[in-house]
Amino acid sequence: MNRRLLGGACLLAVATAGAGLWLTGPSRLFLAPGAAVAQQPPSRQPLYYRDPSGGPDFSPTPKKDSQGRDYVPVFDEAEQAPPVAAPSPAAPARQPLYYQDPTGRSEYSTTPRKTVDGRDFVPVYEDTSAPSHSATAPASAPAPTPPGGRGRILFYRNPMGLPDTSPMPKKDSMGMDYIPVYEDEANQPTGTVTVSPERVQMLGVRIEAAAERTMTRSIRAVGTIAVDERRLAVVAPRFEGWIEKLLVNETGQPVRRGQPLFEVYSPELAAAEREYVIARQAEGTMAHADPAMRSGSAGIAAAALTRLRNFDLPAEEVARLRRTGRVSNTLTLTAPMDGVVLEKTALQGMRFAPGDALYRIADLSTVWLLADVFEQDLGLVGPGQEASIAMTAYPDRRFAGRVTFVYPTLNAATRTARVRIEIPNPEGLLKPDMYATVEIAAPLGSKPMIAVPDSAVLDSGTRQVVLVERAPGRYEPRVVTLGRRANGQVEIRQGISAGDKVVVGANFLIDAESNLRAALQSFAAPPPPAPGQEQPR
């Protein structure tokens, strides 16, 4: 048995030429230079298990979350921490920004601190290359390194807009991270807002440049169609008589100038005509008499002719009397103008007195629109301005007119003044007392003015603000002085210049953020505590 053991014994030889180890015996194994025999690491017991999503939930035993994911085991820090390389002697000592709970909880400290189980808080430096005592950092901790060269973080503000700031990352009572405030944001004008390109697109922000415009305001008013007073006439005889025959016997009937209206019998007019005929005959008889008698007879004839003219006897009737020397029992009265009969009081056989209006005739080829303009707009309305009229009776048509007169009186009850607009009416579609709506194009000033869309103005009642784009995604609120408004545009008298780009869409959302920034800038960032000094709570 001893021989067997001796024969089966392994001999160990060192081969210096190969600088390796040879194991001789029933089986041989070669180990490469510098190689170590792998050893099975001893099993470690986790301290606890944490939520895989980084939430503040822990368990002493293995567990799954609501989505079926295993909780992450957390081992002893001394076992899991990798060896920390010794810092270079030339590298200067760096001051940590703050210290963070090693378990990932939302607890921070400005000074070194330990957890309840004696573990050190992990320092967090300004750059990501700084050494860390923990291999795992909580997903919810804000990054101290500002992206995109926005400067260093000055402080953190409350995400709900409350007047609460913190020099280090923090969560509010609802678990929301405080928002970092960067150095470039603090150096901007008060209330300046920076919005990411993605958020600009999501909000639908629209930009338009302020420009000089000649503004014209449309003044709207209502009114009624009226007869042109210069084209209105009445038939009222200057003598007493009776209507023998009525030739135009309908109201609304169109008539032409010189068209017979009715025949009358007047004893007074017939007597005046007979006197004129006799005076003319006497004047002819006295042609060879002495001059005194000829002059007297001529005067009588002239007086009789004047009386006929005072009766408004037509010139044609006077010429007939001179030519024929016969007195007619009736007289035909004619229409004084073209138009339509608006009123007719004449009846066949009726007696009329001097001055009685028997017909009222109007020419409706041109009509008036009497519009009631509010007192606040009267200063913009003047003769010569163009007007566009819409009629209730013709909703698919618009009529053109021109302002001809602004009445000098104001209605105290309605605070309106009447404006006369003249409208051509060749088709006779416009009738007196029709209801109409009018728009008057009133120019605002004689020279161009800086104007922006009225949607760009944020008006609080006591202050008017526009948001000016300083750079893509960066907006500055500016207080402006407004002027007149017209057709969706508003005049800017002070605050911006021509060419400034202003926000005309989604500005209410940006203004809310601007007001929040302005309020927060009134709170100075708390100074960092001295090394070794506890942060006050």
# chains A, B, ... in the order shown; residues from 1 in each chain; ligands from 1
$ select_by_dssp --residues "stretch 363-423 of chain A" --states "helix (DSSP H, G or I)" --output "PyMOL selection string"
chain A and resi 375-380
$ residues_around --residues "A:Ala210" --least-positions-apart "4" --cutoff "8 Å" --atoms "only C-alpha atoms" --output "list in words"
Ile450, Ala451, Val452, Ser497, Ala498, Gly499, Asp500, Lys501 and Val502 of chain A
$ write_last_selection --atoms "C-alpha atoms" --output "PDB file, in the first residue's frame"
ATOM      1  CA  ILE A 450     -45.598 100.839 -34.664  1.00  0.00           C
ATOM      2  CA  ALA A 451     -48.253  98.182 -34.197  1.00  0.00           C
ATOM      3  CA  VAL A 452     -48.512  94.542 -33.115  1.00  0.00           C
ATOM      4  CA  SER A 497     -39.183  99.332 -31.559  1.00  0.00           C
ATOM      5  CA  ALA A 498     -39.957  98.310 -35.111  1.00  0.00           C
ATOM      6  CA  GLY A 499     -38.447  94.893 -35.842  1.00  0.00           C
ATOM      7  CA  ASP A 500     -38.669  93.543 -32.265  1.00  0.00           C
ATOM      8  CA  LYS A 501     -40.064  90.029 -32.292  1.00  0.00           C
ATOM      9  CA  VAL A 502     -42.989  89.568 -29.910  1.00  0.00           C
TER      10      VAL A 502
END
$ residues_around --residues "A:Tyr435" --least-positions-apart "5" --cutoff "8 Å" --atoms "only C-alpha atoms" --output "PyMOL selection string"
chain A and resi 222-225+391-392
$ write_last_selection --atoms "N, CA and C atoms" --output "mmCIF file, in the first residue's frame"
data_model
loop_
_atom_site.group_PDB
_atom_site.id
_atom_site.type_symbol
_atom_site.label_atom_id
_atom_site.label_comp_id
_atom_site.auth_asym_id
_atom_site.auth_seq_id
_atom_site.Cartn_x
_atom_site.Cartn_y
_atom_site.Cartn_z
ATOM 1 N N VAL A 222 -75.311 101.431 -36.746
ATOM 2 C CA VAL A 222 -76.588 101.041 -37.349
ATOM 3 C C VAL A 222 -77.359 102.306 -37.688
ATOM 4 N N GLY A 223 -78.281 102.169 -38.654
ATOM 5 C CA GLY A 223 -79.075 103.322 -39.052
ATOM 6 C C GLY A 223 -80.217 102.909 -39.951
ATOM 7 N N THR A 224 -80.898 103.901 -40.492
ATOM 8 C CA THR A 224 -82.048 103.678 -41.363
ATOM 9 C C THR A 224 -81.900 104.513 -42.631
ATOM 10 N N ILE A 225 -82.516 104.009 -43.695
ATOM 11 C CA ILE A 225 -82.515 104.721 -44.970
ATOM 12 C C ILE A 225 -83.531 105.858 -44.893
ATOM 13 N N MET A 391 -77.532 95.507 -45.776
ATOM 14 C CA MET A 391 -78.958 95.667 -45.554
ATOM 15 C C MET A 391 -79.549 94.355 -45.042
ATOM 16 N N THR A 392 -80.471 94.477 -44.118
ATOM 17 C CA THR A 392 -81.159 93.298 -43.625
ATOM 18 C C THR A 392 -81.975 92.641 -44.733
#
$ atom_distance --atom1 "atom CA of A:Glu198" --atom2 "atom CA of A:Pro477"
21.0 Å
$ select_by_dssp --residues "stretch 250-484 of chain A" --states "strand (DSSP E)" --output "ChimeraX atom specification"
/A:254-255,260-265,331-334,339-344,351-352,359-362,366-374,386-391,398-411,416-424,435-443,449-453,458-459,464-471,474-479,481-484
$ atom_distance --atom1 "atom CA of A:Val466" --atom2 "atom CA of A:Val504"
8.7 Å
$ atom_distance --atom1 "atom CA of A:Arg307" --atom2 "atom CA of A:Val277"
12.5 Å
$ closest_atom_pairs --of "stretch 141-249 of chain A" --to "stretch 267-270 of chain A" --cutoff "9 Å" --atoms "only C-alpha atoms" --output "CSV"
residue,atom,partner,partner_atom,distance
A:Phe239,CA,A:Leu269,CA,7.0
A:Glu240,CA,A:Glu268,CA,7.0
A:Gly241,CA,A:Pro267,CA,7.1
$ write_last_selection --atoms "N, CA and C atoms" --output "PDB file, in the first residue's frame"
ATOM      1  N   PHE A 239    -103.585 128.842 -54.711  1.00  0.00           N
ATOM      2  CA  PHE A 239    -104.925 129.430 -54.869  1.00  0.00           C
ATOM      3  C   PHE A 239    -105.947 128.401 -54.405  1.00  0.00           C
ATOM      4  N   GLU A 240    -107.173 128.896 -54.205  1.00  0.00           N
ATOM      5  CA  GLU A 240    -108.256 128.023 -53.771  1.00  0.00           C
ATOM      6  C   GLU A 240    -108.937 127.432 -55.003  1.00  0.00           C
ATOM      7  N   GLY A 241    -109.399 126.166 -54.856  1.00  0.00           N
ATOM      8  CA  GLY A 241    -110.072 125.573 -55.997  1.00  0.00           C
ATOM      9  C   GLY A 241    -110.600 124.189 -55.663  1.00  0.00           C
TER      10      GLY A 241
END
$ closest_residue --among "A:Leu247, A:Leu162, A:Leu232, A:Val465" --to "A:Ile361" --atoms "only C-alpha atoms"
A:Leu232
$ residues_around --residues "stretch 370-372 of chain A" --least-positions-apart "3" --cutoff "9 Å" --atoms "only C-alpha atoms" --output "PDB file with N, CA, C and O atoms, in the first residue's frame"
ATOM      1  N   ALA A 221     -71.754 100.914 -37.068  1.00  0.00           N
ATOM      2  CA  ALA A 221     -72.929 101.627 -36.565  1.00  0.00           C
ATOM      3  C   ALA A 221     -74.155 101.077 -37.272  1.00  0.00           C
ATOM      4  O   ALA A 221     -74.064 100.339 -38.265  1.00  0.00           O
ATOM      5  N   VAL A 222     -75.311 101.431 -36.746  1.00  0.00           N
ATOM      6  CA  VAL A 222     -76.588 101.041 -37.349  1.00  0.00           C
ATOM      7  C   VAL A 222     -77.359 102.306 -37.688  1.00  0.00           C
ATOM      8  O   VAL A 222     -77.124 103.375 -37.124  1.00  0.00           O
ATOM      9  N   GLY A 223     -78.281 102.169 -38.654  1.00  0.00           N
ATOM     10  CA  GLY A 223     -79.075 103.322 -39.052  1.00  0.00           C
ATOM     11  C   GLY A 223     -80.217 102.909 -39.951  1.00  0.00           C
ATOM     12  O   GLY A 223     -80.480 101.713 -40.159  1.00  0.00           O
ATOM     13  N   THR A 224     -80.898 103.901 -40.492  1.00  0.00           N
ATOM     14  CA  THR A 224     -82.048 103.678 -41.363  1.00  0.00           C
ATOM     15  C   THR A 224     -81.900 104.513 -42.631  1.00  0.00           C
ATOM     16  O   THR A 224     -81.261 105.567 -42.634  1.00  0.00           O
ATOM     17  N   ILE A 225     -82.516 104.009 -43.695  1.00  0.00           N
ATOM     18  CA  ILE A 225     -82.515 104.721 -44.970  1.00  0.00           C
ATOM     19  C   ILE A 225     -83.531 105.858 -44.893  1.00  0.00           C
ATOM     20  O   ILE A 225     -84.639 105.700 -44.374  1.00  0.00           O
ATOM     21  N   ALA A 226     -83.139 107.000 -45.419  1.00  0.00           N
ATOM     22  CA  ALA A 226     -84.019 108.174 -45.452  1.00  0.00           C
ATOM     23  C   ALA A 226     -83.966 108.796 -46.842  1.00  0.00           C
ATOM     24  O   ALA A 226     -83.034 108.569 -47.621  1.00  0.00           O
ATOM     25  N   THR A 416     -75.116 109.062 -28.753  1.00  0.00           N
ATOM     26  CA  THR A 416     -74.755 108.873 -30.157  1.00  0.00           C
ATOM     27  C   THR A 416     -75.055 110.147 -30.932  1.00  0.00           C
ATOM     28  O   THR A 416     -75.876 110.966 -30.517  1.00  0.00           O
ATOM     29  N   ALA A 417     -74.379 110.292 -32.065  1.00  0.00           N
ATOM     30  CA  ALA A 417     -74.621 111.407 -32.980  1.00  0.00           C
ATOM     31  C   ALA A 417     -74.900 110.834 -34.361  1.00  0.00           C
ATOM     32  O   ALA A 417     -74.388 109.771 -34.725  1.00  0.00           O
ATOM     33  N   ARG A 418     -75.717 111.545 -35.123  1.00  0.00           N
ATOM     34  CA  ARG A 418     -76.083 111.061 -36.444  1.00  0.00           C
ATOM     35  C   ARG A 418     -75.018 111.446 -37.470  1.00  0.00           C
ATOM     36  O   ARG A 418     -74.482 112.559 -37.443  1.00  0.00           O
ATOM     37  N   VAL A 419     -74.750 110.475 -38.352  1.00  0.00           N
ATOM     38  CA  VAL A 419     -73.821 110.676 -39.462  1.00  0.00           C
ATOM     39  C   VAL A 419     -74.589 110.381 -40.743  1.00  0.00           C
ATOM     40  O   VAL A 419     -75.242 109.344 -40.859  1.00  0.00           O
ATOM     41  N   ARG A 420     -74.504 111.311 -41.702  1.00  0.00           N
ATOM     42  CA  ARG A 420     -75.228 111.146 -42.958  1.00  0.00           C
ATOM     43  C   ARG A 420     -74.301 110.518 -43.994  1.00  0.00           C
ATOM     44  O   ARG A 420     -73.198 111.022 -44.243  1.00  0.00           O
ATOM     45  N   ILE A 421     -74.766 109.435 -44.593  1.00  0.00           N
ATOM     46  CA  ILE A 421     -74.018 108.731 -45.633  1.00  0.00           C
ATOM     47  C   ILE A 421     -74.873 108.711 -46.896  1.00  0.00           C
ATOM     48  O   ILE A 421     -76.036 108.285 -46.843  1.00  0.00           O
ATOM     49  N   GLU A 422     -74.305 109.155 -47.994  1.00  0.00           N
ATOM     50  CA  GLU A 422     -75.032 109.213 -49.255  1.00  0.00           C
ATOM     51  C   GLU A 422     -74.762 107.946 -50.063  1.00  0.00           C
ATOM     52  O   GLU A 422     -73.602 107.566 -50.257  1.00  0.00           O
ATOM     53  N   ALA A 436     -80.258  99.202 -41.649  1.00  0.00           N
ATOM     54  CA  ALA A 436     -78.957  98.925 -42.258  1.00  0.00           C
ATOM     55  C   ALA A 436     -77.865  98.936 -41.198  1.00  0.00           C
ATOM     56  O   ALA A 436     -77.990  99.565 -40.142  1.00  0.00           O
ATOM     57  N   THR A 437     -76.785  98.216 -41.508  1.00  0.00           N
ATOM     58  CA  THR A 437     -75.561  98.218 -40.695  1.00  0.00           C
ATOM     59  C   THR A 437     -74.431  98.749 -41.559  1.00  0.00           C
ATOM     60  O   THR A 437     -74.269  98.326 -42.706  1.00  0.00           O
ATOM     61  N   VAL A 438     -73.641  99.649 -41.011  1.00  0.00           N
ATOM     62  CA  VAL A 438     -72.613 100.320 -41.793  1.00  0.00           C
ATOM     63  C   VAL A 438     -71.257 100.170 -41.123  1.00  0.00           C
ATOM     64  O   VAL A 438     -71.157 100.127 -39.888  1.00  0.00           O
TER      65      VAL A 438
END
$ residues_around --residues "A:Gln281" --least-positions-apart "4" --cutoff "10 Å" --atoms "only C-alpha atoms" --output "list in words"
Glu275, Tyr276, Val277, Thr285, Met286, Ser297, Ala301, Arg322 and Gly325 of chain A
